[in-house]
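Structure file input_26.txt (compact mmCIF, C-alpha atoms) follows.
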```
# COMPACT_ATOMS: atom_id res chain seq x y z
CA MET O 866 0.00 0.00 0.00
CA ARG O 867 1.30 3.45 -0.95
CA ARG O 868 1.84 6.01 1.78
CA SER O 869 -0.82 8.37 0.36
CA SER O 870 -3.39 5.58 0.48
CA LEU O 871 -2.44 4.72 4.06
CA VAL O 872 -2.80 8.38 5.14
CA ALA O 873 -6.23 8.59 3.50
CA LEU O 874 -7.35 5.42 5.28
CA LEU O 875 -6.19 6.68 8.68
CA LEU O 876 -7.97 10.02 8.17
CA SER O 877 -11.18 8.20 7.22
CA LEU O 878 -11.04 6.05 10.36
CA ALA O 879 -10.38 9.09 12.54
CA LEU O 880 -13.47 10.85 11.17
CA LEU O 881 -15.81 7.88 11.69
CA PRO O 882 -18.36 8.36 14.50
CA SER O 883 -17.81 6.30 17.62
CA CYS O 884 -19.93 3.16 17.67
CA PRO O 885 -22.20 2.54 20.74
CA ALA O 886 -20.31 -0.60 21.75
CA ALA O 887 -17.02 1.27 21.88
CA ALA O 888 -18.63 4.05 23.93
CA GLN O 889 -19.92 1.54 26.51
CA ALA O 890 -16.66 -0.38 26.86
CA PRO O 891 -14.96 2.03 29.30
CA ASP O 892 -17.98 1.96 31.64
CA THR O 893 -18.09 -1.85 31.63
CA LYS O 894 -14.38 -2.09 32.30
CA SER O 895 -14.61 0.51 35.05
CA ASP O 896 -17.44 -1.38 36.77
CA LEU O 897 -15.53 -4.67 36.75
CA GLY O 898 -12.35 -2.94 37.81
CA ALA O 899 -14.10 -1.47 40.84
CA ASN O 900 -14.74 -4.92 42.33
CA ALA O 901 -11.99 -5.81 44.80
CA ALA O 902 -12.70 -9.53 44.39
CA MET O 903 -11.34 -9.35 40.83
CA LYS O 904 -7.99 -8.12 42.18
CA TYR O 905 -7.93 -10.70 44.96
CA TRP O 906 -8.54 -13.56 42.53
CA GLN O 907 -5.52 -12.41 40.56
CA ALA O 908 -3.56 -12.41 43.82
CA PHE O 909 -4.75 -15.97 44.49
CA ALA O 910 -3.62 -17.07 41.02
CA LEU O 911 -0.15 -15.70 41.76
CA LEU O 912 0.22 -17.36 45.15
CA PRO O 913 3.27 -19.65 45.30
CA THR O 914 2.57 -23.38 45.40
CA LEU O 915 3.52 -24.57 48.88
CA ASP O 916 5.14 -27.86 49.77
CA GLY O 917 4.61 -29.44 53.18
CA ASP O 918 7.45 -27.57 54.88
CA GLN O 919 6.37 -24.22 53.43
CA ALA O 920 2.79 -24.79 54.54
CA LYS O 921 3.99 -25.39 58.11
CA LEU O 922 6.23 -22.34 57.90
CA LEU O 923 3.33 -20.17 56.78
CA GLN O 924 1.12 -21.49 59.56
CA ASN O 925 3.79 -20.33 62.03
CA TRP O 926 4.35 -16.98 60.34
CA LYS O 927 4.52 -15.15 63.70
CA GLU O 928 7.58 -17.05 64.97
CA VAL O 929 9.63 -18.19 61.97
CA PRO O 930 13.14 -16.67 61.72
CA LEU O 931 13.68 -13.90 59.16
CA HIS O 932 17.48 -13.94 58.86
CA ASP O 933 19.22 -13.81 55.47
CA GLU O 934 18.75 -16.90 53.29
CA SER O 935 15.94 -18.18 55.53
CA SER O 936 13.07 -20.13 54.01
CA ALA O 937 10.71 -17.38 55.13
CA LEU O 938 12.53 -14.75 53.05
CA LYS O 939 12.42 -17.00 50.00
CA LEU O 940 8.69 -17.39 50.48
CA ILE O 941 8.31 -13.62 50.82
CA ASP O 942 10.14 -13.14 47.52
CA ALA O 943 7.99 -15.78 45.80
CA SER O 944 4.79 -14.02 46.91
CA ARG O 945 5.71 -10.52 45.76
CA MET O 946 3.22 -10.28 42.88
CA SER O 947 0.38 -11.72 44.93
CA ARG O 948 0.94 -8.89 47.44
CA VAL O 949 0.81 -6.35 44.61
CA TYR O 950 -2.74 -7.46 43.79
CA LEU O 951 -3.66 -7.63 47.48
CA HIS O 952 -2.81 -3.92 47.78
CA ARG O 953 -4.74 -3.11 44.61
CA GLY O 954 -7.82 -4.91 45.90
CA ALA O 955 -7.59 -3.26 49.31
CA LYS O 956 -7.79 0.18 47.69
CA LEU O 957 -11.31 -0.60 46.44
CA GLN O 958 -14.40 -0.30 48.62
CA ARG O 959 -16.79 -2.68 46.86
CA CYS O 960 -16.19 -6.43 46.98
CA ASP O 961 -18.55 -8.98 45.42
CA TRP O 962 -17.42 -12.63 45.53
CA SER O 963 -20.51 -13.66 43.53
CA LEU O 964 -21.33 -16.64 45.74
CA ASP O 965 -23.95 -19.01 44.31
CA ASP O 966 -26.17 -19.29 47.37
CA GLU O 967 -28.68 -21.35 45.39
CA ASP O 968 -26.32 -24.27 46.16
CA GLY O 969 -27.48 -24.11 49.76
CA PRO O 970 -25.25 -26.07 52.19
CA GLY O 971 -23.15 -27.18 49.20
CA LEU O 972 -22.02 -23.62 48.56
CA PHE O 973 -18.41 -23.38 47.38
CA MET O 974 -16.36 -20.69 49.08
CA SER O 975 -12.96 -21.45 47.62
CA HIS O 976 -11.80 -17.87 48.17
CA CYS O 977 -11.70 -18.52 51.93
CA PRO O 978 -8.58 -20.71 52.30
CA ARG O 979 -6.83 -18.70 49.59
CA SER O 980 -7.56 -15.46 51.45
CA LEU O 981 -6.07 -16.91 54.61
CA ASN O 982 -2.84 -17.88 52.82
CA LEU O 983 -2.64 -14.48 51.13
CA ALA O 984 -3.09 -12.72 54.47
CA ARG O 985 -0.39 -14.79 56.16
CA LEU O 986 2.09 -14.18 53.37
CA ALA O 987 1.46 -10.44 53.57
CA LEU O 988 1.86 -10.45 57.35
CA LEU O 989 5.08 -12.44 57.08
CA HIS O 990 6.29 -9.64 54.81
CA ALA O 991 5.02 -7.06 57.31
CA ARG O 992 7.11 -8.66 60.06
CA HIS O 993 10.19 -8.45 57.86
CA GLU O 994 9.53 -4.80 57.02
CA PHE O 995 9.04 -3.89 60.67
CA GLU O 996 12.25 -5.68 61.64
CA GLN O 997 14.10 -3.66 59.00
CA GLY O 998 12.62 -0.39 60.26
CA ARG O 999 10.48 0.11 57.16
CA TRP O 1000 7.46 1.10 59.19
CA LYS O 1001 5.33 2.55 56.41
CA GLU O 1002 5.63 -0.55 54.20
CA GLY O 1003 4.88 -2.92 57.07
CA TRP O 1004 1.91 -0.84 58.18
CA GLU O 1005 0.50 -0.91 54.64
CA ASP O 1006 0.61 -4.71 54.72
CA VAL O 1007 -1.22 -4.78 58.04
CA THR O 1008 -3.96 -2.33 57.07
CA ASP O 1009 -4.54 -4.02 53.72
CA VAL O 1010 -4.87 -7.42 55.39
CA LEU O 1011 -7.46 -5.83 57.70
CA LYS O 1012 -9.28 -4.64 54.58
CA LEU O 1013 -9.04 -8.13 53.07
CA GLY O 1014 -10.60 -9.54 56.22
CA ARG O 1015 -13.55 -7.16 55.96
CA HIS O 1016 -13.93 -7.95 52.27
CA VAL O 1017 -13.95 -11.69 52.99
CA GLY O 1018 -16.58 -11.16 55.69
CA ILE O 1019 -18.86 -9.10 53.47
CA ASP O 1020 -21.08 -12.16 52.83
CA PRO O 1021 -23.47 -13.56 55.47
CA PRO O 1022 -22.41 -17.25 55.90
CA LEU O 1023 -21.16 -17.74 59.45
CA VAL O 1024 -18.11 -19.76 58.40
CA VAL O 1025 -17.04 -16.86 56.19
CA LYS O 1026 -17.42 -14.44 59.09
CA TRP O 1027 -15.31 -16.70 61.30
CA LEU O 1028 -12.53 -16.70 58.72
CA ALA O 1029 -12.78 -12.91 58.38
CA TYR O 1030 -12.29 -12.54 62.14
CA ARG O 1031 -9.32 -14.88 61.93
CA ILE O 1032 -7.68 -12.73 59.25
CA GLU O 1033 -8.32 -9.48 61.14
CA THR O 1034 -6.99 -10.97 64.38
CA SER O 1035 -3.80 -12.06 62.60
CA ALA O 1036 -3.29 -8.52 61.29
CA ILE O 1037 -3.66 -7.10 64.80
CA GLU O 1038 -1.23 -9.68 66.16
CA ALA O 1039 1.32 -8.74 63.49
CA ALA O 1040 1.23 -5.05 64.38
CA ALA O 1041 0.89 -5.28 68.16
CA PRO O 1042 4.59 -5.82 69.04
CA TYR O 1043 5.59 -2.79 66.95
CA LEU O 1044 2.89 -0.28 67.92
CA PRO O 1045 5.14 1.71 70.29
CA ALA O 1046 7.58 2.32 67.43
CA LEU O 1047 4.78 2.90 64.92
CA LYS O 1048 2.87 5.49 66.94
CA PRO O 1049 5.19 8.48 66.26
CA ILE O 1050 5.13 7.93 62.49
CA LEU O 1051 1.46 7.14 61.91
CA THR O 1052 -0.50 10.02 60.43
CA GLU O 1053 -3.63 8.80 62.23
CA ALA O 1054 -4.34 6.62 65.23
CA ALA O 1055 -4.25 2.89 64.54
CA SER O 1056 -7.85 2.62 65.76
CA ALA O 1057 -8.96 5.11 63.10
CA VAL O 1058 -8.06 2.58 60.40
CA LEU O 1059 -10.74 0.24 61.73
CA ASP O 1060 -13.37 2.97 61.41
CA THR O 1061 -12.77 3.25 57.66
CA LEU O 1062 -13.13 -0.47 56.93
CA PRO O 1063 -16.28 -1.64 55.11
CA ALA O 1064 -19.02 -2.91 57.41
CA GLY O 1065 -20.08 -6.53 57.17
CA PRO O 1066 -23.47 -8.16 57.81
CA THR O 1067 -25.04 -7.97 61.25
CA LEU O 1068 -25.53 -11.06 63.42
CA GLN O 1069 -29.25 -10.98 62.65
CA GLU O 1070 -28.56 -10.93 58.91
CA MET O 1071 -26.13 -13.83 59.22
CA VAL O 1072 -28.59 -15.96 61.19
CA LEU O 1073 -31.40 -15.26 58.71
CA GLU O 1074 -29.11 -16.15 55.80
CA GLU O 1075 -28.08 -19.42 57.48
CA LYS O 1076 -31.76 -20.23 57.89
CA ARG O 1077 -32.55 -19.39 54.26
CA THR O 1078 -29.65 -21.23 52.64
CA GLY O 1079 -29.57 -24.05 55.19
CA LEU O 1080 -32.83 -25.14 56.73
CA VAL O 1081 -35.27 -23.62 54.21
CA TRP O 1082 -33.16 -24.71 51.22
CA THR O 1083 -32.85 -28.28 52.56
CA ILE O 1084 -36.60 -28.66 53.14
CA GLN O 1085 -37.32 -27.38 49.61
CA GLU O 1086 -34.82 -29.79 48.03
CA LEU O 1087 -36.17 -32.76 49.99
CA LYS O 1088 -39.72 -31.93 48.86
CA LYS O 1089 -38.63 -31.57 45.21
CA ALA O 1090 -36.88 -34.95 45.31
CA GLU O 1091 -39.89 -36.64 46.89
CA GLN O 1092 -42.19 -35.18 44.22
CA ARG O 1093 -40.00 -36.64 41.47
CA LYS O 1094 -39.80 -40.09 43.05
CA GLU O 1095 -41.09 -41.46 46.34
CA GLY O 1096 -38.28 -42.12 48.82
CA SER O 1097 -35.64 -40.22 46.86
CA TRP O 1098 -35.41 -37.60 49.61
CA GLN O 1099 -33.10 -40.05 51.41
CA VAL O 1100 -30.50 -39.78 48.63
CA VAL O 1101 -30.58 -35.99 48.84
CA TRP O 1102 -30.21 -36.14 52.61
CA ARG O 1103 -27.25 -38.54 52.46
CA ASN O 1104 -25.47 -36.30 49.95
CA LEU O 1105 -25.95 -33.33 52.27
CA VAL O 1106 -24.72 -35.11 55.39
CA ASP O 1107 -21.83 -36.96 53.71
CA PRO O 1108 -21.24 -35.37 50.28
CA PRO O 1109 -19.27 -37.37 47.68
CA LEU O 1110 -16.02 -35.57 46.86
CA ALA O 1111 -14.95 -37.65 43.88
CA GLY O 1112 -14.30 -35.52 40.82
CA ARG O 1113 -14.42 -32.22 42.70
CA PRO O 1114 -11.48 -29.95 41.94
CA GLU O 1115 -10.90 -29.11 45.61
CA PRO O 1116 -12.34 -29.87 49.06
CA ARG O 1117 -15.96 -28.86 49.49
CA LEU O 1118 -16.25 -25.29 50.78
CA GLY O 1119 -12.51 -25.29 51.42
CA LEU O 1120 -13.53 -26.52 54.89
CA ASP O 1121 -10.72 -29.07 55.21
CA THR O 1122 -8.24 -26.19 55.23
CA ILE O 1123 -10.39 -24.18 57.64
CA ARG O 1124 -10.80 -27.13 60.04
CA GLN O 1125 -7.04 -27.61 60.10
CA ASP O 1126 -6.63 -23.94 60.93
CA VAL O 1127 -9.19 -24.19 63.75
CA ARG O 1128 -7.26 -27.06 65.28
CA ALA O 1129 -4.00 -25.14 64.93
CA SER O 1130 -5.49 -22.01 66.54
CA ARG O 1131 -6.72 -24.09 69.50
CA GLN O 1132 -3.23 -25.49 69.96
CA GLU O 1133 -1.79 -21.97 69.86
CA ALA O 1134 -4.26 -20.88 72.55
```
Output the structure of this file as structure tokens.
Amino acid sequence: MRRSSLVALLLSLALLPSCPAAAQAPDTKSDLGANAAMKYWQAFALLPTLDGDQAKLLQNWKEVPLHDESSALKLIDASRMSRVYLHRGAKLQRCDWSLDDEDGPGLFMSHCPRSLNLARLALLHARHEFEQGRWKEGWEDVTDVLKLGRHVGIDPPLVVKWLAYRIETSAIEAAAPYLPALKPILTEAASAVLDTLPAGPTLQEMVLEEKRTGLVWTIQELKKAEQRKEGSWQVVWRNLVDPPLAGRPEPRLGLDTIRQDVRASRQEA
């Protein structure tokens, strides 16, 4: 193509009116980009794959040594990009995990164990920053983990709220030993950070949601099964009480990981 023809083509394209689809694209992108869960899922995808020793190390993030060439520092380096997306998600107010509550008691909440690992990695990094006297960087890790905890607890299921409390408690535990040194450099009181965090569901809302997606959902499903075939409610009930896990990509609800963490927290206490 000759240069004159190329110039004419470019001028023609520049003068064309914008199509409606192109005009709507920025709004759509902006709406998706304003959801913190989208950033967190990218952080989850970038989490390092942990072997058995690394999993134990992460579970003991409060005590593991942070000297040069330690396994903890290598894990901190491996999780750098996941922390980048944690900070990006924490800057956003709205968080929608898009849970499919029509699944009732079988609801998958695979973001829960991933959020716990992400929080622990960030707090391990916070410890290292505090030990090096980089107070601002360590404090950013702590406050963003607090925000992650609130974002995790934005949905009503009680098990989600428990995990959110666990994440927030870990963030407080990470900062507590360093608060005397942090106080002179903080632009606002540490307690003020908590006031800016997004509010989660009330206890009443959580109980009502448990009733709706648990008891009410179960009764409806048992009735539907019995209408299709007499006696088939027993199959539905067995699957609820002892669900088959074969073929599932990960443990149901991520509860295996959460149960392990409950046992570990009891041992710590």
**O:Leu1011, O:Leu1023, O:Gly1096, O:Lys1088 ranked by distance to Leu1059 of chain O, top pick (using only C-alpha atoms)** =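 Smallest distance to Leu1059 of chain O is found for O:Leu1011.
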**Request:** Kindly give the distance, in Å, that separates atom CA of Thr1052 of chain O and atom CA of Gly898 of chain O, rounded to a single decimal.
**Result:**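 Those two atoms sit 28.6 Å apart.
Nearest-residue note for Ile1084 of chain O: choosing from O:Tyr950, O:Pro930, O:Leu1044, O:Trp1098, the minimum distance belongs to O:Trp1098, counting only C-alpha atoms.
Nearest-residue note for Asp1006 of chain O: choosing from O:Ile1019, O:Leu915, O:Ala1039, O:Ala910, the minimum distance belongs to O:Ala1039, counting only C-alpha atoms.
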**Item:** From O:Leu964, O:Leu923, O:Leu972, O:Ala1041, residue lying nearest His990 of chain O [only C-alpha atoms]
**Value:**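 Residue with the minimum atom-to-atom distance to His990 of chain O: O:Leu923.
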